[in-house]
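Trainee: Have a look at the structure that comes next, please.
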Amino acid sequence: MNTLCALVVLATVAAVYGAPAPADSDAQAAIVSQTSDVQPDGSFNYAYESANGIKVEDQGTIKSIKVPKLDETGRQVGEEDVQVSVQTGSFQYTAPDGQVYTLRYIADENGFQPQADHLPVAPSA
C-alpha cells in the first residue's frame with residue numbers, strides 16, 4: 001500500500017474512532033439498519049444506524065492520479081500513475097449533553113477533509 005493510501009485509511013479510522021466514546025448504555029445499542037456493498041473494482045459503500053441514533057455512511061472508489069517519479073537522489077524524472085482511495089461519508093452521534101453532532105468528510109489524495117458546524121474554521125488568507 002502506498003503512503004498516500006495508508007494516510008487516507010489512517011485519517012478515516014481516526015475520524016471514526018476519534019468520536020467521543022459512548023456511554024455505558026450506548027455500548028449495548030442495537031444496530032437497527034445496515035447495508036454494505038463491495039465491488040470487484042474496489043468501490044464500496046456501507047451505512048448503519050444504531051438504536052441510540054449513531055448513523056454512519058461511507059462510499060469509496062479507487063482512482064488513478066499522476067505523481068512525480070523520483071530517482072534515487074530525489075530528483076524528478078517524470079511522472080507515474082498511482083491508485084488512490086477516495087472516500088466520502090458522514091457520521092452522526094448524540095453527545096452526553098443531548099447535542100447532535102454530524103461530520104461530513106472526503107478523504108483522497110489531498111488528505112482527510114472534515115466539515116461540520118461544530119469544527120473551528122481557519123481564518124481566510
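Naming scheme: A, B, ... for chains in displayed order of the C-alpha cells; residues 1 onward per chain; ligands 1 onward as shown.
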If we count only C-alpha atoms, what is near A:Ser64 at a cut-off of 10 Å, once residues fewer than 4 positions away on the same chain are taken out, given as a short mmCIF file (atom, residue, chain, number, x, y, z; two decimals) with N, CA, C and O atoms, in the first residue's frame?

Mentor:
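Heads up, here's the output in out_26.cif:
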```cif
data_model
loop_
_atom_site.label_atom_id
_atom_site.label_comp_id
_atom_site.auth_asym_id
_atom_site.auth_seq_id
_atom_site.Cartn_x
_atom_site.Cartn_y
_atom_site.Cartn_z
N GLU A 80 4.35 9.13 -12.76
CA GLU A 80 3.81 7.77 -12.79
C GLU A 80 2.39 7.80 -12.27
O GLU A 80 2.00 8.69 -11.52
N ASP A 81 1.60 6.83 -12.70
CA ASP A 81 0.23 6.68 -12.22
C ASP A 81 0.23 5.84 -10.96
O ASP A 81 0.89 4.81 -10.89
N VAL A 82 -0.53 6.30 -9.96
CA VAL A 82 -0.73 5.52 -8.74
C VAL A 82 -2.23 5.46 -8.45
O VAL A 82 -2.97 6.37 -8.81
N GLN A 83 -2.63 4.40 -7.81
CA GLN A 83 -4.03 4.23 -7.43
C GLN A 83 -4.23 4.78 -6.02
O GLN A 83 -3.43 4.49 -5.13
N VAL A 84 -5.28 5.60 -5.83
CA VAL A 84 -5.59 6.13 -4.51
C VAL A 84 -7.05 5.84 -4.19
O VAL A 84 -7.90 5.73 -5.08
N SER A 85 -7.31 5.69 -2.93
CA SER A 85 -8.67 5.50 -2.45
C SER A 85 -9.29 6.87 -2.23
O SER A 85 -8.66 7.77 -1.66
#
```

Trainee: Extract, using only C-alpha atoms, all DNA, RNA and protein residues at most 12 Å from A:Gly98, discarding same-chain residues fewer than 4 positions from it, and format them as a PyMOL selection string.

Mentor: chain A and resi 52-53+93-94

Trainee: Take the residues from that selection and write them out as a PDB file, in the first residue's frame, keeping all heavy atoms.

Mentor:
```pdb
ATOM      1  N   ASN A  52     -29.338   4.009  19.349  1.00  0.00           N
ATOM      2  CA  ASN A  52     -29.055   5.223  20.110  1.00  0.00           C
ATOM      3  C   ASN A  52     -28.804   6.441  19.207  1.00  0.00           C
ATOM      4  O   ASN A  52     -28.369   7.479  19.670  1.00  0.00           O
ATOM      5  CB  ASN A  52     -27.865   5.006  21.036  1.00  0.00           C
ATOM      6  CG  ASN A  52     -26.599   4.657  20.289  1.00  0.00           C
ATOM      7  OD1 ASN A  52     -26.607   4.477  19.072  1.00  0.00           O
ATOM      8  ND2 ASN A  52     -25.514   4.543  21.020  1.00  0.00           N
ATOM      9  N   GLY A  53     -29.091   6.309  17.907  1.00  0.00           N
ATOM     10  CA  GLY A  53     -29.007   7.454  16.998  1.00  0.00           C
ATOM     11  C   GLY A  53     -27.687   7.629  16.289  1.00  0.00           C
ATOM     12  O   GLY A  53     -27.528   8.583  15.522  1.00  0.00           O
ATOM     13  N   TYR A  93     -23.772  11.493  15.823  1.00  0.00           N
ATOM     14  CA  TYR A  93     -23.977  10.918  17.147  1.00  0.00           C
ATOM     15  C   TYR A  93     -24.524  11.990  18.072  1.00  0.00           C
ATOM     16  O   TYR A  93     -24.435  13.187  17.790  1.00  0.00           O
ATOM     17  CB  TYR A  93     -22.678  10.330  17.718  1.00  0.00           C
ATOM     18  CG  TYR A  93     -21.592  11.359  17.919  1.00  0.00           C
ATOM     19  CD1 TYR A  93     -21.432  11.982  19.146  1.00  0.00           C
ATOM     20  CD2 TYR A  93     -20.743  11.708  16.880  1.00  0.00           C
ATOM     21  CE1 TYR A  93     -20.444  12.942  19.333  1.00  0.00           C
ATOM     22  CE2 TYR A  93     -19.751  12.661  17.050  1.00  0.00           C
ATOM     23  CZ  TYR A  93     -19.611  13.274  18.284  1.00  0.00           C
ATOM     24  OH  TYR A  93     -18.650  14.221  18.462  1.00  0.00           O
ATOM     25  N   THR A  94     -25.100  11.554  19.169  1.00  0.00           N
ATOM     26  CA  THR A  94     -25.630  12.464  20.173  1.00  0.00           C
ATOM     27  C   THR A  94     -24.659  12.503  21.342  1.00  0.00           C
ATOM     28  O   THR A  94     -24.313  11.462  21.903  1.00  0.00           O
ATOM     29  CB  THR A  94     -27.018  12.000  20.654  1.00  0.00           C
ATOM     30  OG1 THR A  94     -27.882  11.899  19.519  1.00  0.00           O
ATOM     31  CG2 THR A  94     -27.603  12.990  21.652  1.00  0.00           C
TER      32      THR A  94
END
```

Trainee: Got a sec to tell me which of stretch 19-102 of chain A DSSP assigns to helix (DSSP H, G or I), as a count of residues only?

Mentor: 5

Trainee: So, with only C-alpha atoms as the atoms that count, which of A:Asn45, A:Thr102, A:Gln76, A:Ser33 lies closest to A:Glu57?

Mentor: A:Asn45

Trainee: What parts of chain A does DSSP call strand (DSSP E)? I'd like the answer as a ChimeraX atom specification.

Mentor: /A:31-38,44-50,55-70,76-94,100-108,111-115

Trainee: Taking 4 positions as the minimum chain separation for residues in the same chain, which residues sit within 8 Å of A:Ser36 when counting only C-alpha atoms? Answer as a list in words.

Mentor: Phe44, Asn45, Tyr46 and Ala47 of chain A

Trainee: Provide the atom CA of A:Gly42 to atom CA of A:Asp108 distance in Å, to one decimal place.

Mentor: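 A separation of 14.5 Å between them.
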
Trainee: With a distance cut-off of 12 Å and only C-alpha atoms, select the neighbouring residues of A:Asp58, excluding the residue or stretch itself and same-chain residues fewer than 3 positions from it, and output the selection as a list of chain:residue names.

Mentor: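 Close residues of A:Asp58: A:Thr12, A:Val13, A:Ala15, A:Val16, A:Gln34, A:Thr35, A:Ser36, A:Asp37, A:Val38, A:Ser43, A:Phe44, A:Asn45, A:Tyr46, A:Ala47, A:Tyr48, A:Lys55, A:Thr61, A:Val86, A:Gln87, A:Thr88, A:Gly89, A:Ser90, A:Phe91, A:Leu103, A:Arg104, A:Tyr105, A:Ile106, A:Ala107.
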
Trainee: Go ahead and save the picked residues with N, CA and C atoms, as an mmCIF file, in the first residue's frame.

Mentor:
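Written out: again.cif:
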```cif
data_model
loop_
_atom_site.group_PDB
_atom_site.id
_atom_site.type_symbol
_atom_site.label_atom_id
_atom_site.label_comp_id
_atom_site.auth_asym_id
_atom_site.auth_seq_id
_atom_site.Cartn_x
_atom_site.Cartn_y
_atom_site.Cartn_z
ATOM 1 N N THR A 12 -9.282 8.183 8.060
ATOM 2 C CA THR A 12 -10.662 7.710 8.188
ATOM 3 C C THR A 12 -10.871 7.007 9.514
ATOM 4 N N VAL A 13 -9.947 6.137 9.874
ATOM 5 C CA VAL A 13 -10.048 5.427 11.147
ATOM 6 C C VAL A 13 -10.005 6.420 12.306
ATOM 7 N N ALA A 15 -10.997 9.483 12.288
ATOM 8 C CA ALA A 15 -12.264 10.217 12.338
ATOM 9 C C ALA A 15 -13.344 9.404 13.031
ATOM 10 N N VAL A 16 -13.429 8.150 12.684
ATOM 11 C CA VAL A 16 -14.464 7.302 13.272
ATOM 12 C C VAL A 16 -14.182 7.038 14.741
ATOM 13 N N GLN A 34 -28.565 -1.664 8.424
ATOM 14 C CA GLN A 34 -27.192 -1.837 7.967
ATOM 15 C C GLN A 34 -27.212 -2.264 6.505
ATOM 16 N N THR A 35 -26.362 -1.620 5.691
ATOM 17 C CA THR A 35 -26.187 -2.019 4.304
ATOM 18 C C THR A 35 -24.697 -2.026 4.001
ATOM 19 N N SER A 36 -24.318 -2.847 3.033
ATOM 20 C CA SER A 36 -22.919 -2.931 2.640
ATOM 21 C C SER A 36 -22.842 -3.500 1.231
ATOM 22 N N ASP A 37 -21.961 -2.944 0.424
ATOM 23 C CA ASP A 37 -21.760 -3.433 -0.931
ATOM 24 C C ASP A 37 -20.303 -3.208 -1.316
ATOM 25 N N VAL A 38 -19.624 -4.267 -1.710
ATOM 26 C CA VAL A 38 -18.230 -4.184 -2.149
ATOM 27 C C VAL A 38 -18.160 -4.736 -3.562
ATOM 28 N N SER A 43 -14.559 -0.410 -5.460
ATOM 29 C CA SER A 43 -15.525 0.541 -4.934
ATOM 30 C C SER A 43 -16.390 -0.144 -3.882
ATOM 31 N N PHE A 44 -16.911 0.645 -2.972
ATOM 32 C CA PHE A 44 -17.730 0.090 -1.893
ATOM 33 C C PHE A 44 -18.633 1.169 -1.327
ATOM 34 N N ASN A 45 -19.608 0.741 -0.566
ATOM 35 C CA ASN A 45 -20.388 1.650 0.261
ATOM 36 C C ASN A 45 -20.948 0.856 1.424
ATOM 37 N N TYR A 46 -21.137 1.542 2.518
ATOM 38 C CA TYR A 46 -21.784 0.923 3.656
ATOM 39 C C TYR A 46 -22.474 2.007 4.467
ATOM 40 N N ALA A 47 -23.451 1.600 5.234
ATOM 41 C CA ALA A 47 -24.157 2.505 6.125
ATOM 42 C C ALA A 47 -24.742 1.672 7.254
ATOM 43 N N TYR A 48 -24.838 2.273 8.409
ATOM 44 C CA TYR A 48 -25.541 1.631 9.506
ATOM 45 C C TYR A 48 -26.082 2.696 10.442
ATOM 46 N N LYS A 55 -25.326 7.272 13.348
ATOM 47 C CA LYS A 55 -25.508 6.988 11.930
ATOM 48 C C LYS A 55 -24.161 7.157 11.234
ATOM 49 N N THR A 61 -14.131 4.762 -3.728
ATOM 50 C CA THR A 61 -13.743 4.359 -5.075
ATOM 51 C C THR A 61 -12.220 4.404 -5.159
ATOM 52 N N VAL A 86 -10.531 7.022 -2.676
ATOM 53 C CA VAL A 86 -11.295 8.244 -2.441
ATOM 54 C C VAL A 86 -12.529 7.831 -1.649
ATOM 55 N N GLN A 87 -12.677 8.412 -0.462
ATOM 56 C CA GLN A 87 -13.817 8.077 0.379
ATOM 57 C C GLN A 87 -14.582 9.332 0.738
ATOM 58 N N THR A 88 -15.898 9.231 0.710
ATOM 59 C CA THR A 88 -16.763 10.301 1.181
ATOM 60 C C THR A 88 -17.761 9.693 2.142
ATOM 61 N N GLY A 89 -18.138 10.453 3.119
ATOM 62 C CA GLY A 89 -19.102 9.909 4.054
ATOM 63 C C GLY A 89 -19.451 10.875 5.155
ATOM 64 N N SER A 90 -20.118 10.333 6.150
ATOM 65 C CA SER A 90 -20.520 11.133 7.297
ATOM 66 C C SER A 90 -20.776 10.229 8.489
ATOM 67 N N PHE A 91 -20.752 10.832 9.666
ATOM 68 C CA PHE A 91 -21.218 10.142 10.853
ATOM 69 C C PHE A 91 -21.909 11.143 11.759
ATOM 70 N N LEU A 103 -20.737 15.051 11.168
ATOM 71 C CA LEU A 103 -19.497 15.386 10.484
ATOM 72 C C LEU A 103 -19.534 14.737 9.109
ATOM 73 N N ARG A 104 -19.277 15.523 8.062
ATOM 74 C CA ARG A 104 -19.168 15.038 6.682
ATOM 75 C C ARG A 104 -17.695 15.129 6.291
ATOM 76 N N TYR A 105 -17.261 14.235 5.420
ATOM 77 C CA TYR A 105 -15.845 14.251 5.059
ATOM 78 C C TYR A 105 -15.623 13.712 3.654
ATOM 79 N N ILE A 106 -14.458 14.066 3.148
ATOM 80 C CA ILE A 106 -13.889 13.428 1.965
ATOM 81 C C ILE A 106 -12.443 13.124 2.341
ATOM 82 N N ALA A 107 -11.972 11.973 1.921
ATOM 83 C CA ALA A 107 -10.577 11.588 2.143
ATOM 84 C C ALA A 107 -10.046 11.125 0.796
#
```

Trainee: Using only C-alpha atoms for the distances, tell me which of A:Ala122, A:Ala116, A:Leu70, A:Ile62 is nearest to A:Val100.

Mentor: A:Ala116

Trainee: How many Å lie between atom CA of A:Ile54 and atom CA of A:Asp97, rounded to one decimal?

Mentor: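 Separation of atom CA of A:Ile54 and atom CA of A:Asp97: 14.9 Å.
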
Trainee: Report, in Å to a single decimal, how far apart atom CA of A:Ala95 and atom CA of A:Pro114 are.

Mentor: 18.3 Å

Trainee: Using only C-alpha atoms, which of the listed residues (A:His118, A:Lys63, A:Val56, A:Glu79) sits closest to A:Asp41?

Mentor: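 That would be A:Lys63, the residue with the smallest distance to A:Asp41.
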